[in-house]
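Asks: Just one file: structure.pdb, with PDB, C-alpha atoms.
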ATOM      1  CA  MET H   1      71.467  92.594 122.233  1.00  0.00           C
ATOM      2  CA  ASP H   2      71.843  89.365 120.286  1.00  0.00           C
ATOM      3  CA  CYS H   3      73.576  89.630 116.979  1.00  0.00           C
ATOM      4  CA  ILE H   4      74.828  87.419 114.164  1.00  0.00           C
ATOM      5  CA  ARG H   5      78.618  87.449 114.006  1.00  0.00           C
ATOM      6  CA  LEU H   6      80.479  86.707 110.805  1.00  0.00           C
ATOM      7  CA  GLU H   7      84.265  86.569 110.522  1.00  0.00           C
ATOM      8  CA  TYR H   8      86.512  86.299 107.494  1.00  0.00           C
ATOM      9  CA  ASP H   9      90.194  86.126 106.648  1.00  0.00           C
ATOM     10  CA  VAL H  10      90.953  88.532 103.836  1.00  0.00           C
ATOM     11  CA  ASP H  11      93.708  87.026 101.698  1.00  0.00           C
ATOM     12  CA  GLY H  12      96.209  89.747 100.866  1.00  0.00           C
ATOM     13  CA  GLU H  13      98.034  87.720  98.246  1.00  0.00           C
ATOM     14  CA  ASN H  14      95.043  87.022  96.061  1.00  0.00           C
ATOM     15  CA  PHE H  15      93.494  90.007  94.278  1.00  0.00           C
ATOM     16  CA  SER H  16      90.995  87.709  92.538  1.00  0.00           C
ATOM     17  CA  SER H  17      89.362  86.650  95.789  1.00  0.00           C
ATOM     18  CA  ALA H  18      88.999  90.177  97.167  1.00  0.00           C
ATOM     19  CA  GLY H  19      85.301  90.687  97.735  1.00  0.00           C
ATOM     20  CA  ASN H  20      84.534  87.212  99.083  1.00  0.00           C
ATOM     21  CA  ALA H  21      83.734  88.515 102.578  1.00  0.00           C
ATOM     22  CA  SER H  22      81.558  91.341 101.264  1.00  0.00           C
ATOM     23  CA  GLU H  23      79.676  88.957  99.011  1.00  0.00           C
ATOM     24  CA  SER H  24      79.024  86.603 101.897  1.00  0.00           C
ATOM     25  CA  VAL H  25      77.716  89.427 104.091  1.00  0.00           C
ATOM     26  CA  LYS H  26      75.612  90.716 101.198  1.00  0.00           C
ATOM     27  CA  ARG H  27      74.069  87.274 100.711  1.00  0.00           C
ATOM     28  CA  THR H  28      73.350  86.895 104.434  1.00  0.00           C
ATOM     29  CA  LEU H  29      71.628  90.294 104.662  1.00  0.00           C
ATOM     30  CA  LYS H  30      69.547  89.525 101.570  1.00  0.00           C
ATOM     31  CA  GLN H  31      68.431  86.231 103.102  1.00  0.00           C
ATOM     32  CA  MET H  32      67.475  88.082 106.279  1.00  0.00           C
ATOM     33  CA  GLY H  33      65.187  90.328 104.249  1.00  0.00           C
ATOM     34  CA  VAL H  34      67.135  93.574 104.705  1.00  0.00           C
ATOM     35  CA  SER H  35      66.076  96.160 102.088  1.00  0.00           C
ATOM     36  CA  ALA H  36      67.939  96.090  98.766  1.00  0.00           C
ATOM     37  CA  ALA H  37      69.096  99.694  99.202  1.00  0.00           C
ATOM     38  CA  SER H  38      70.647  98.952 102.603  1.00  0.00           C
ATOM     39  CA  VAL H  39      72.222  95.739 101.372  1.00  0.00           C
ATOM     40  CA  ARG H  40      73.881  97.610  98.527  1.00  0.00           C
ATOM     41  CA  ARG H  41      75.278 100.307 100.848  1.00  0.00           C
ATOM     42  CA  VAL H  42      76.778  97.607 103.057  1.00  0.00           C
ATOM     43  CA  ALA H  43      78.146  95.677 100.081  1.00  0.00           C
ATOM     44  CA  ILE H  44      79.859  98.689  98.508  1.00  0.00           C
ATOM     45  CA  ALA H  45      81.311 100.082 101.748  1.00  0.00           C
ATOM     46  CA  MET H  46      82.644  96.716 102.856  1.00  0.00           C
ATOM     47  CA  TYR H  47      83.922  95.794  99.392  1.00  0.00           C
ATOM     48  CA  GLU H  48      85.915  99.023  99.168  1.00  0.00           C
ATOM     49  CA  GLY H  49      87.365  98.228 102.576  1.00  0.00           C
ATOM     50  CA  GLU H  50      88.243  94.707 101.527  1.00  0.00           C
ATOM     51  CA  ILE H  51      89.930  95.963  98.355  1.00  0.00           C
ATOM     52  CA  ASN H  52      91.911  98.433 100.469  1.00  0.00           C
ATOM     53  CA  MET H  53      93.110  95.648 102.759  1.00  0.00           C
ATOM     54  CA  VAL H  54      94.336  93.645  99.773  1.00  0.00           C
ATOM     55  CA  ILE H  55      95.896  96.585  97.925  1.00  0.00           C
ATOM     56  CA  HIS H  56      97.576  98.303 100.852  1.00  0.00           C
ATOM     57  CA  ALA H  57      97.887  95.951 103.798  1.00  0.00           C
ATOM     58  CA  HIS H  58      98.519  92.333 102.678  1.00  0.00           C
ATOM     59  CA  GLY H  59      95.028  91.376 103.801  1.00  0.00           C
ATOM     60  CA  GLY H  60      93.688  91.054 107.317  1.00  0.00           C
ATOM     61  CA  ARG H  61      90.520  90.195 109.153  1.00  0.00           C
ATOM     62  CA  ALA H  62      86.942  91.293 108.496  1.00  0.00           C
ATOM     63  CA  GLU H  63      84.288  90.984 111.194  1.00  0.00           C
ATOM     64  CA  ALA H  64      80.621  91.799 110.886  1.00  0.00           C
ATOM     65  CA  GLU H  65      77.989  92.027 113.612  1.00  0.00           C
ATOM     66  CA  ILE H  66      74.455  92.042 112.304  1.00  0.00           C
ATOM     67  CA  TYR H  67      71.736  93.485 114.559  1.00  0.00           C
ATOM     68  CA  PRO H  68      68.045  93.815 113.684  1.00  0.00           C
ATOM     69  CA  ASP H  69      68.480  97.493 112.834  1.00  0.00           C
ATOM     70  CA  ARG H  70      72.098  97.804 111.691  1.00  0.00           C
ATOM     71  CA  ILE H  71      75.415  96.194 110.859  1.00  0.00           C
ATOM     72  CA  ASP H  72      78.772  96.972 112.475  1.00  0.00           C
ATOM     73  CA  ILE H  73      81.844  96.070 110.434  1.00  0.00           C
ATOM     74  CA  TYR H  74      85.437  95.935 111.648  1.00  0.00           C
ATOM     75  CA  LEU H  75      88.205  95.692 109.065  1.00  0.00           C
ATOM     76  CA  LYS H  76      91.506  94.981 110.789  1.00  0.00           C
ATOM     77  CA  ASP H  77      94.910  94.795 109.171  1.00  0.00           C
ATOM     78  CA  SER H  78      98.535  94.747 110.183  1.00  0.00           C
ATOM     79  CA  GLY H  79      99.621  96.815 107.207  1.00  0.00           C
ATOM     80  CA  PRO H  80     101.748  99.950 107.001  1.00  0.00           C
ATOM     81  CA  GLY H  81      99.142 102.188 108.629  1.00  0.00           C
ATOM     82  CA  ILE H  82      97.879 105.559 107.431  1.00  0.00           C
ATOM     83  CA  ALA H  83     100.137 108.513 108.281  1.00  0.00           C
ATOM     84  CA  ASP H  84      97.654 111.283 107.465  1.00  0.00           C
ATOM     85  CA  ILE H  85      94.039 110.137 107.738  1.00  0.00           C
ATOM     86  CA  ASP H  86      92.589 113.500 106.632  1.00  0.00           C
ATOM     87  CA  LEU H  87      94.650 113.344 103.458  1.00  0.00           C
ATOM     88  CA  ALA H  88      93.698 109.692 102.846  1.00  0.00           C
ATOM     89  CA  MET H  89      90.023 110.664 103.143  1.00  0.00           C
ATOM     90  CA  LYS H  90      90.346 113.241 100.370  1.00  0.00           C
ATOM     91  CA  ALA H  91      88.618 112.117  97.168  1.00  0.00           C
ATOM     92  CA  GLY H  92      91.213 111.446  94.501  1.00  0.00           C
ATOM     93  CA  TYR H  93      94.164 111.026  96.849  1.00  0.00           C
ATOM     94  CA  SER H  94      95.765 107.606  96.470  1.00  0.00           C
ATOM     95  CA  THR H  95      99.061 105.886  97.168  1.00  0.00           C
ATOM     96  CA  ALA H  96      98.134 102.922  94.957  1.00  0.00           C
ATOM     97  CA  THR H  97     100.650 101.818  92.348  1.00  0.00           C
ATOM     98  CA  GLU H  98     100.184 101.992  88.600  1.00  0.00           C
ATOM     99  CA  ASN H  99      99.659  98.228  88.668  1.00  0.00           C
ATOM    100  CA  ILE H 100      96.641  98.613  90.965  1.00  0.00           C
ATOM    101  CA  ARG H 101      95.260 101.392  88.758  1.00  0.00           C
ATOM    102  CA  SER H 102      95.490  99.110  85.742  1.00  0.00           C
ATOM    103  CA  LEU H 103      93.186  96.725  87.639  1.00  0.00           C
ATOM    104  CA  GLY H 104      90.535  99.451  87.902  1.00  0.00           C
ATOM    105  CA  PHE H 105      91.199 100.631  91.448  1.00  0.00           C
ATOM    106  CA  GLY H 106      93.389 103.205  93.141  1.00  0.00           C
ATOM    107  CA  ALA H 107      91.387 106.247  92.053  1.00  0.00           C
ATOM    108  CA  GLY H 108      91.441 107.586  95.590  1.00  0.00           C
ATOM    109  CA  MET H 109      87.740 106.892  96.039  1.00  0.00           C
ATOM    110  CA  GLY H 110      87.878 103.949  98.469  1.00  0.00           C
ATOM    111  CA  LEU H 111      87.747 105.693 101.828  1.00  0.00           C
ATOM    112  CA  PRO H 112      85.466 108.521 100.598  1.00  0.00           C
ATOM    113  CA  ASN H 113      83.111 105.862  99.218  1.00  0.00           C
ATOM    114  CA  MET H 114      83.122 103.990 102.516  1.00  0.00           C
ATOM    115  CA  LYS H 115      82.175 107.212 104.292  1.00  0.00           C
ATOM    116  CA  LYS H 116      79.520 108.036 101.712  1.00  0.00           C
ATOM    117  CA  TYR H 117      77.757 104.671 102.025  1.00  0.00           C
ATOM    118  CA  SER H 118      78.018 104.244 105.812  1.00  0.00           C
ATOM    119  CA  ASP H 119      76.293 106.048 108.676  1.00  0.00           C
ATOM    120  CA  GLU H 120      79.343 105.983 110.917  1.00  0.00           C
ATOM    121  CA  MET H 121      82.991 105.438 110.090  1.00  0.00           C
ATOM    122  CA  ARG H 122      86.062 105.502 112.306  1.00  0.00           C
ATOM    123  CA  ILE H 123      89.668 104.870 111.363  1.00  0.00           C
ATOM    124  CA  ASP H 124      92.218 103.894 113.991  1.00  0.00           C
ATOM    125  CA  SER H 125      95.654 103.661 112.476  1.00  0.00           C
ATOM    126  CA  THR H 126      99.227 103.512 113.685  1.00  0.00           C
ATOM    127  CA  VAL H 127     102.052 103.721 111.189  1.00  0.00           C
ATOM    128  CA  GLY H 128     103.994 100.463 111.174  1.00  0.00           C
ATOM    129  CA  VAL H 129     101.364  98.638 113.241  1.00  0.00           C
ATOM    130  CA  GLY H 130      98.162  98.577 111.238  1.00  0.00           C
ATOM    131  CA  THR H 131      94.709  99.981 110.689  1.00  0.00           C
ATOM    132  CA  THR H 132      91.230  99.195 111.932  1.00  0.00           C
ATOM    133  CA  VAL H 133      88.285 100.691 110.094  1.00  0.00           C
ATOM    134  CA  PHE H 134      84.892 100.638 111.796  1.00  0.00           C
ATOM    135  CA  LEU H 135      81.773 100.995 109.674  1.00  0.00           C
ATOM    136  CA  ARG H 136      78.187 101.184 110.905  1.00  0.00           C
ATOM    137  CA  ILE H 137      75.297 101.066 108.491  1.00  0.00           C
ATOM    138  CA  ASN H 138      71.733 101.474 109.749  1.00  0.00           C
ATOM    139  CA  PHE H 139      69.044  99.573 107.879  1.00  0.00           C
TER
ATOM    140  CA  MET X   1      65.036  97.287  76.121  1.00  0.00           C
ATOM    141  CA  THR X   2      66.113  93.779  76.988  1.00  0.00           C
ATOM    142  CA  ILE X   3      69.599  92.294  77.141  1.00  0.00           C
ATOM    143  CA  ARG X   4      68.701  90.546  73.874  1.00  0.00           C
ATOM    144  CA  ASP X   5      68.365  93.986  72.254  1.00  0.00           C
ATOM    145  CA  VAL X   6      71.844  94.893  73.530  1.00  0.00           C
ATOM    146  CA  VAL X   7      73.225  91.756  71.908  1.00  0.00           C
ATOM    147  CA  LYS X   8      71.617  92.703  68.577  1.00  0.00           C
ATOM    148  CA  LEU X   9      72.528  96.398  68.669  1.00  0.00           C
ATOM    149  CA  LEU X  10      76.182  95.756  69.521  1.00  0.00           C
ATOM    150  CA  ASN X  11      76.460  92.630  67.394  1.00  0.00           C
ATOM    151  CA  ALA X  12      77.745  91.038  70.574  1.00  0.00           C
ATOM    152  CA  GLU X  13      78.712  87.510  71.424  1.00  0.00           C
ATOM    153  CA  ILE X  14      77.208  85.928  74.548  1.00  0.00           C
ATOM    154  CA  LEU X  15      79.880  84.538  76.872  1.00  0.00           C
ATOM    155  CA  CYS X  16      77.484  83.388  79.594  1.00  0.00           C
ATOM    156  CA  GLY X  17      73.994  83.973  80.934  1.00  0.00           C
ATOM    157  CA  ALA X  18      72.067  83.250  77.719  1.00  0.00           C
ATOM    158  CA  GLU X  19      69.089  82.259  79.875  1.00  0.00           C
ATOM    159  CA  HIS X  20      68.708  85.873  81.122  1.00  0.00           C
ATOM    160  CA  LEU X  21      68.467  87.597  77.735  1.00  0.00           C
ATOM    161  CA  ASP X  22      64.844  88.632  78.197  1.00  0.00           C
ATOM    162  CA  THR X  23      65.609  90.640  81.333  1.00  0.00           C
ATOM    163  CA  GLU X  24      64.514  94.283  81.011  1.00  0.00           C
ATOM    164  CA  ILE X  25      67.191  96.937  81.437  1.00  0.00           C
ATOM    165  CA  HIS X  26      66.827 100.701  81.583  1.00  0.00           C
ATOM    166  CA  THR X  27      70.220 102.215  82.327  1.00  0.00           C
ATOM    167  CA  ALA X  28      73.913 101.607  81.732  1.00  0.00           C
ATOM    168  CA  CYS X  29      77.325 103.042  82.499  1.00  0.00           C
ATOM    169  CA  GLY X  30      80.701 102.825  80.796  1.00  0.00           C
ATOM    170  CA  SER X  31      83.971 102.898  82.731  1.00  0.00           C
ATOM    171  CA  ASP X  32      87.341 101.219  83.083  1.00  0.00           C
ATOM    172  CA  MET X  33      87.670 102.511  86.634  1.00  0.00           C
ATOM    173  CA  MET X  34      85.827 100.236  89.078  1.00  0.00           C
ATOM    174  CA  SER X  35      86.352 102.764  91.898  1.00  0.00           C
ATOM    175  CA  ASP X  36      84.341 105.279  89.882  1.00  0.00           C
ATOM    176  CA  VAL X  37      81.623 102.737  89.169  1.00  0.00           C
ATOM    177  CA  LEU X  38      81.326 102.143  92.912  1.00  0.00           C
ATOM    178  CA  ALA X  39      81.367 105.885  93.614  1.00  0.00           C
ATOM    179  CA  TYR X  40      79.009 107.306  91.022  1.00  0.00           C
ATOM    180  CA  VAL X  41      76.762 104.607  89.673  1.00  0.00           C
ATOM    181  CA  LYS X  42      73.200 104.392  90.886  1.00  0.00           C
ATOM    182  CA  ASP X  43      70.849 101.646  89.798  1.00  0.00           C
ATOM    183  CA  GLN X  44      72.499 101.074  86.438  1.00  0.00           C
ATOM    184  CA  SER X  45      71.975  97.555  85.194  1.00  0.00           C
ATOM    185  CA  VAL X  46      74.602  97.293  82.446  1.00  0.00           C
ATOM    186  CA  LEU X  47      78.334  97.945  82.741  1.00  0.00           C
ATOM    187  CA  LEU X  48      80.377  98.538  79.588  1.00  0.00           C
ATOM    188  CA  THR X  49      84.111  98.219  80.147  1.00  0.00           C
ATOM    189  CA  GLY X  50      87.452  97.327  78.630  1.00  0.00           C
ATOM    190  CA  LEU X  51      88.704  95.889  81.908  1.00  0.00           C
ATOM    191  CA  LEU X  52      88.818  92.097  82.182  1.00  0.00           C
ATOM    192  CA  ASN X  53      89.743  91.046  85.720  1.00  0.00           C
ATOM    193  CA  PRO X  54      87.466  89.240  88.206  1.00  0.00           C
ATOM    194  CA  GLN X  55      86.882  92.458  90.153  1.00  0.00           C
ATOM    195  CA  VAL X  56      84.769  93.723  87.250  1.00  0.00           C
ATOM    196  CA  VAL X  57      82.303  90.917  87.965  1.00  0.00           C
ATOM    197  CA  ARG X  58      82.519  91.516  91.715  1.00  0.00           C
ATOM    198  CA  THR X  59      81.917  95.232  91.268  1.00  0.00           C
ATOM    199  CA  ALA X  60      78.877  94.492  89.107  1.00  0.00           C
ATOM    200  CA  GLU X  61      77.646  92.011  91.718  1.00  0.00           C
ATOM    201  CA  MET X  62      77.970  94.568  94.549  1.00  0.00           C
ATOM    202  CA  MET X  63      75.998  97.086  92.477  1.00  0.00           C
ATOM    203  CA  ASP X  64      73.278  94.526  91.590  1.00  0.00           C
ATOM    204  CA  MET X  65      74.093  94.901  87.894  1.00  0.00           C
ATOM    205  CA  LEU X  66      72.696  92.348  85.443  1.00  0.00           C
ATOM    206  CA  CYS X  67      74.997  92.493  82.436  1.00  0.00           C
ATOM    207  CA  ILE X  68      78.618  93.332  81.584  1.00  0.00           C
ATOM    208  CA  VAL X  69      79.664  94.212  78.036  1.00  0.00           C
ATOM    209  CA  PHE X  70      83.367  93.895  77.227  1.00  0.00           C
ATOM    210  CA  VAL X  71      84.300  96.293  74.451  1.00  0.00           C
ATOM    211  CA  ARG X  72      87.049  96.381  71.799  1.00  0.00           C
ATOM    212  CA  GLY X  73      86.675  92.627  71.243  1.00  0.00           C
ATOM    213  CA  LYS X  74      88.060  91.787  74.665  1.00  0.00           C
ATOM    214  CA  ARG X  75      87.467  88.426  76.301  1.00  0.00           C
ATOM    215  CA  PRO X  76      87.986  87.604  79.951  1.00  0.00           C
ATOM    216  CA  GLU X  77      89.614  84.374  81.026  1.00  0.00           C
ATOM    217  CA  GLN X  78      87.484  81.345  81.891  1.00  0.00           C
ATOM    218  CA  PRO X  79      87.497  81.830  85.699  1.00  0.00           C
ATOM    219  CA  VAL X  80      85.978  85.292  85.232  1.00  0.00           C
ATOM    220  CA  ILE X  81      83.246  83.818  83.040  1.00  0.00           C
ATOM    221  CA  GLU X  82      82.603  81.110  85.643  1.00  0.00           C
ATOM    222  CA  LEU X  83      82.337  83.728  88.403  1.00  0.00           C
ATOM    223  CA  ALA X  84      79.748  85.658  86.376  1.00  0.00           C
ATOM    224  CA  ARG X  85      77.802  82.480  85.638  1.00  0.00           C
ATOM    225  CA  GLU X  86      77.735  81.717  89.350  1.00  0.00           C
ATOM    226  CA  LYS X  87      76.374  85.207  90.094  1.00  0.00           C
ATOM    227  CA  GLY X  88      73.793  85.083  87.304  1.00  0.00           C
ATOM    228  CA  ILE X  89      75.403  88.015  85.472  1.00  0.00           C
ATOM    229  CA  VAL X  90      75.267  88.049  81.666  1.00  0.00           C
ATOM    230  CA  LEU X  91      78.637  88.564  79.953  1.00  0.00           C
ATOM    231  CA  LEU X  92      78.812  89.903  76.402  1.00  0.00           C
ATOM    232  CA  THR X  93      81.702  90.891  74.175  1.00  0.00           C
ATOM    233  CA  THR X  94      81.540  93.313  71.257  1.00  0.00           C
ATOM    234  CA  GLU X  95      84.104  94.501  68.722  1.00  0.00           C
ATOM    235  CA  LYS X  96      82.855  98.070  69.170  1.00  0.00           C
ATOM    236  CA  ARG X  97      84.827 100.617  71.177  1.00  0.00           C
ATOM    237  CA  LEU X  98      83.527 101.938  74.497  1.00  0.00           C
ATOM    238  CA  PHE X  99      82.393 105.320  73.160  1.00  0.00           C
ATOM    239  CA  VAL X 100      80.651 103.813  70.147  1.00  0.00           C
ATOM    240  CA  ALA X 101      78.983 101.018  72.116  1.00  0.00           C
ATOM    241  CA  CYS X 102      77.671 103.494  74.715  1.00  0.00           C
ATOM    242  CA  GLY X 103      76.477 105.801  71.925  1.00  0.00           C
ATOM    243  CA  ILE X 104      74.524 103.071  70.173  1.00  0.00           C
ATOM    244  CA  LEU X 105      72.764 101.991  73.365  1.00  0.00           C
ATOM    245  CA  TYR X 106      72.057 105.589  74.402  1.00  0.00           C
ATOM    246  CA  THR X 107      70.631 106.460  70.979  1.00  0.00           C
ATOM    247  CA  ASN X 108      68.378 103.438  71.188  1.00  0.00           C
ATOM    248  CA  GLY X 109      66.847 104.515  74.470  1.00  0.00           C
ATOM    249  CA  LEU X 110      69.066 103.216  77.238  1.00  0.00           C
ATOM    250  CA  GLY X 111      69.545 105.898  79.888  1.00  0.00           C
ATOM    251  CA  GLY X 112      72.597 106.944  81.874  1.00  0.00           C
TER
END
Would you mind writing the structure in this file as structure tokens?
Replies:
Amino acid sequence: MDCIRLEYDVDGENFSSAGNASESVKRTLKQMGVSAASVRRVAIAMYEGEINMVIHAHGGRAEAEIYPDRIDIYLKDSGPGIADIDLAMKAGYSTATENIRSLGFGAGMGLPNMKKYSDEMRIDSTVGVGTTVFLRINF
Amino acid sequence: MTIRDVVKLLNAEILCGAEHLDTEIHTACGSDMMSDVLAYVKDQSVLLTGLLNPQVVRTAEMMDMLCIVFVRGKRPEQPVIELAREKGIVLLTTEKRLFVACGILYTNGLGG
């Protein structure tokens, strides 16, 4: 099936620009006439993922494939990896530093939020190699 | 109420978005934790916060919020104001503390 592919570099050194990719995807979906509720689910799930990449993994690559009925998002980083995915998925669990918390993040809600707002989520992670998060959101 | 009413009730200063003051709003939330805003907020149109970084504006943008009120007399730096202007989000600043500002708006009919 034909799809629209969007790709972004997520800059891990620049906290201010985190969210650029999600905003671009949000704008594209809006222009395509996707419902506001679906657009918001995509925006929040992807934004949390983007923030995670910046906070934990020095950035990475975000790819989105937009189909008529859904969006598939791949967030790929070469960060430290997640040792215990079940633990990381627990609401409130976070390895973020005090500095990140002072910026309003690191409450341990990122991954749970991504799960909450997506229809499918998969995490492939190898410690010392990196993490790929797959998100699917049906419109 | 409208954003103009928020300005009056909180004796707030408009930092940007003066052209959107007549926009109707029905609900608000107050938090310094953007993760919690993303987790728990549903359809709120005003965010009251003491946090000043650009991710406050981005969080509001992701949630389709219309107005951010900075409490305790806080003012974001110019790039944050520019980002909000670009997104069409109204920025206000009030001397009132978070609890008091939320209380005033709630008492005057804004929902949670």
Asks: Quick check on the file I pasted: which residues fall under the PyMOL selection byres ((chain X and resi 17) around 8)? Write them as a ChimeraX atom specification.
Replies: /X:14-16,18-21,85,88-91
Asks: Kindly provide, as a PyMOL selection string, the polymer residues lying within 6 Å of (89.7, 90.4, 106.0), counting all atoms listed in the file and using the coordinates exactly as they appear in the file.
Replies: chain H and resi 8-10+59-62
Asks: Within 7 Å of region 52-66 of chain X, counting only C-alpha atoms, which residues qualify if same-chain residues fewer than 6 places away don't, as a PDB file with C-alpha atoms, keeping the file's coordinate frame?
Replies:
ATOM      1  CA  SER H  16      90.995  87.709  92.538  1.00  0.00           C
ATOM      2  CA  GLY H  19      85.301  90.687  97.735  1.00  0.00           C
ATOM      3  CA  ARG H  40      73.881  97.610  98.527  1.00  0.00           C
ATOM      4  CA  ALA H  43      78.146  95.677 100.081  1.00  0.00           C
ATOM      5  CA  ILE H  44      79.859  98.689  98.508  1.00  0.00           C
ATOM      6  CA  LEU H 103      93.186  96.725  87.639  1.00  0.00           C
TER       7      LEU H 103
ATOM      8  CA  MET X  34      85.827 100.236  89.078  1.00  0.00           C
ATOM      9  CA  GLN X  44      72.499 101.074  86.438  1.00  0.00           C
ATOM     10  CA  SER X  45      71.975  97.555  85.194  1.00  0.00           C
ATOM     11  CA  VAL X  46      74.602  97.293  82.446  1.00  0.00           C
ATOM     12  CA  PRO X  76      87.986  87.604  79.951  1.00  0.00           C
ATOM     13  CA  VAL X  80      85.978  85.292  85.232  1.00  0.00           C
ATOM     14  CA  ALA X  84      79.748  85.658  86.376  1.00  0.00           C
ATOM     15  CA  ILE X  89      75.403  88.015  85.472  1.00  0.00           C
ATOM     16  CA  VAL X  90      75.267  88.049  81.666  1.00  0.00           C
TER      17      VAL X  90
END
Asks: Around (94.2, 106.7, 97.7) in the file's own coordinates, what residues are found within 6 Å if you use all atoms listed in the file, given back as a PyMOL selection string?
Replies: chain H and resi 88+93-95+106+108
Asks: Deliver the residues from the most recent selection as a file, using C-alpha atoms, as a CSV table (one decimal), in the frame of the given file.
Replies:
chain,number,residue,atom,x,y,z
H,88,ALA,CA,93.7,109.7,102.8
H,93,TYR,CA,94.2,111.0,96.8
H,94,SER,CA,95.8,107.6,96.5
H,95,THR,CA,99.1,105.9,97.2
H,106,GLY,CA,93.4,103.2,93.1
H,108,GLY,CA,91.4,107.6,95.6
Asks: On this file, the PyMOL selection byres ((chain H and resi 6) around 6) gives some set of residues; write that set as number ranges by chain.
Replies: H: 5, 7, 63-64
Asks: Print the selection's residues with C-alpha atoms to a file, as an mmCIF file, in the coordinates of the input.
Replies:
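Result went into out.cif, see below:
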data_model
loop_
_atom_site.group_PDB
_atom_site.id
_atom_site.type_symbol
_atom_site.label_atom_id
_atom_site.label_comp_id
_atom_site.auth_asym_id
_atom_site.auth_seq_id
_atom_site.Cartn_x
_atom_site.Cartn_y
_atom_site.Cartn_z
ATOM 1 C CA ARG H 5 78.618 87.449 114.006
ATOM 2 C CA GLU H 7 84.265 86.569 110.522
ATOM 3 C CA GLU H 63 84.288 90.984 111.194
ATOM 4 C CA ALA H 64 80.621 91.799 110.886
#
Asks: Which residue gives the smallest distance to chain X among H:Glu50, H:Asp77, H:Asp69, H:Asp124, with only C-alpha atoms counted?
Replies: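 Smallest separation from chain X among the options: H:Glu50.
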Asks: For region 19-105 of chain X versus region 3-6 of chain X, which residues have an atom no more than 7 Å away, and what is each residue's nearest atom pair and distance in Å rounded to one decimal, using all atoms listed in the file, chain-then-number order, as a tab-separated table?
Replies:
residue	atom	partner	partner_atom	distance
X:Leu21	CA	X:Arg4	CA	4.9
X:Asp22	CA	X:Ile3	CA	6.1
X:Thr23	CA	X:Ile3	CA	6.0
X:Glu24	CA	X:Ile3	CA	6.7
X:Ile25	CA	X:Ile3	CA	6.8
Asks: Would you mind reading off the distance between CA of Met32 (chain H) and CA of Val54 (chain H), one decimal, in Å?
Replies: 28.2 Å
Asks: Taking all atoms listed in the file into account, which of X:Val69, X:Leu110, X:Val41, X:Leu10 comes nearest Leu92 (chain X)?
Replies: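 Smallest separation from Leu92 (chain X) among the options: X:Val69.
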Asks: Give me the residues near Cys3 (chain H) as a VMD selection string, where near means some atom within 12 Å (using all atoms listed in the file) and where sequence neighbours in that chain fewer than 5 positions away do not count.
Replies: chain H and resid 64 to 72
Asks: Between CA of Met121 (chain H) and CA of Arg136 (chain H), what is the spacing in Å?
Replies: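 Going from CA of Arg136 (chain H) over to CA of Met121 (chain H) covers 6.5 Å.
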